[in-house]
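Okay, structure first, notes after.
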Amino acid sequence: MLSIGEACTNYNADKQARYAGTSAVVQDMMHYTELAAKAKGQPAKEAKINYFGISYGTILGQTLAAMYPQRLNRIILDSNAYGVANYDGLDINQIDDRDHSWKFFFNFCAKAGKDLCPFASNATNGIEVEERFRALLDKLEREPVIRRGQKMAGIVTRGSFMQFSTQHLYGPKTALGYVTIAYAAAGLEKGSTAMIDGWQATTPPQLESESLESLILIRSIDAAGRYPLKTYAEFEAMVSKLQEVSSYGWRDTAVGNAILASGM
């Protein structure tokens, strides 16, 4: 993340990227609202906003309420992100329910059976699926799987597989949710990276999408001057807190979202 942050900072020096932060977007929202009111012949400075936000959209909503409290009409925030942590650049609470999500996966996989969940094999309950999953993670820790038949060489490690899986926990019931995790895990057991090859978060690390690049940039701009981790000792203390929160989510968070702003 440090190298990505430094490269991004240098590339965007003196460019319009500085307007990508949340507060700038909120100002754009208010400006648009005033223009829309003016076009209707209404007083621009009296125009009010109705707002509905989900996930990161709740950060926009919280910022809107903080910057323009008198200009709100109705506001609904669903699946709230922690605004204070966003502006610090470090949100440990985001993995509060990560292990619960994995427990659902293990239990549903066992109930579905191997025909619908290839990672279930002959498991009779979620505990057996979880034991198999932990064994796979231990194996990837010792022996990463080599990507073969791809334009770019690389390996799938425990860390990169967990990053891949985290993306698919976000929408568990979709085609890119639990089903994808099950097929990817079953493939890795046999040395196949087929389900992961289209997703580039393998070693060496790469950014897999424009949306992730945007996340890094926005989070870093929002937290400019406030990022709390200044030393390695502080980073270690943060990792210990993450480990207390989630046994499955701490690692990819510690080397991913938790240090997005460190290099910018």
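Ligands are numbered from 1 in the order shown, residues from 1 within each chain, and chains are lettered A, B, ... in the order they appear in the structure tokens.
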
Strand (DSSP E or B) per DSSP on the backbone: members of stretch 7-240 of chain A, as a PyMOL selection string: chain A and resi 49-55+72-80+145-146+155-156+203

All residues 12 Å or closer to A:Ala24, only C-alpha atoms, same chain fewer than 4 positions away omitted, as JSON, numbers by chain: {"A": [16, 17, 18, 19, 20, 28, 29, 30, 31, 60, 63, 64, 67, 218, 221, 222]}

Leaving out stretch 172-180 of chain A and any residue of its chain fewer than 2 positions from it, which residues lie within 8 Å of it when counting only C-alpha atoms, given as a compact mmCIF listing (two decimals) with C-alpha atoms, in the first residue's frame?
# COMPACT_ATOMS: atom_id res chain seq x y z
CA PHE A 105 -21.04 -19.80 4.51
CA CYS A 117 -21.49 -26.36 -2.97
CA HIS A 168 -17.48 -12.05 -2.53
CA LEU A 169 -18.79 -12.03 1.06
CA TYR A 170 -20.31 -8.63 0.30
CA ALA A 182 -16.93 -22.46 -2.81
CA TYR A 183 -15.68 -23.15 -6.34
CA ALA A 184 -12.49 -21.14 -5.79
CA MET A 195 -11.87 -19.09 -10.40

Surrounding residues of A:Pro228 excluding itself and chain neighbours under 4 positions, 12 Å, only C-alpha atoms, as a VMD selection string: chain A and resid 85 to 91 223 to 224 232 to 235 237 to 238 258 to 262

Those same residues, written as a PDB file, in the first residue's frame with C-alpha atoms?
ATOM      1  CA  ALA A  85     -13.215   6.342  11.418  1.00  0.00           C
ATOM      2  CA  ASN A  86     -13.486   7.223   7.720  1.00  0.00           C
ATOM      3  CA  TYR A  87     -12.043  10.670   8.359  1.00  0.00           C
ATOM      4  CA  ASP A  88      -9.286   9.178  10.509  1.00  0.00           C
ATOM      5  CA  GLY A  89      -8.424   6.776   7.677  1.00  0.00           C
ATOM      6  CA  LEU A  90      -8.649   3.738   9.955  1.00  0.00           C
ATOM      7  CA  ASP A  91     -11.868   1.749  10.518  1.00  0.00           C
ATOM      8  CA  ALA A 223      -8.053  11.438   6.124  1.00  0.00           C
ATOM      9  CA  ALA A 224      -5.298  13.823   5.011  1.00  0.00           C
ATOM     10  CA  TYR A 232       5.365   0.182  13.264  1.00  0.00           C
ATOM     11  CA  ALA A 233       4.564  -0.275  16.956  1.00  0.00           C
ATOM     12  CA  GLU A 234       1.248   1.514  16.423  1.00  0.00           C
ATOM     13  CA  PHE A 235       0.568  -0.729  13.424  1.00  0.00           C
ATOM     14  CA  ALA A 237      -1.157  -2.590  18.223  1.00  0.00           C
ATOM     15  CA  MET A 238      -3.829  -2.082  15.557  1.00  0.00           C
ATOM     16  CA  ALA A 258      -6.484  -0.333   7.436  1.00  0.00           C
ATOM     17  CA  ILE A 259      -3.448   1.215   5.774  1.00  0.00           C
ATOM     18  CA  LEU A 260      -5.008   2.757   2.673  1.00  0.00           C
ATOM     19  CA  ALA A 261      -3.911   6.240   3.659  1.00  0.00           C
ATOM     20  CA  SER A 262      -0.422   5.378   4.868  1.00  0.00           C
TER      21      SER A 262
END

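In this model, the gap between atom CA of A:Val129 and atom CA of A:Val255 comes to 26.4 Å.
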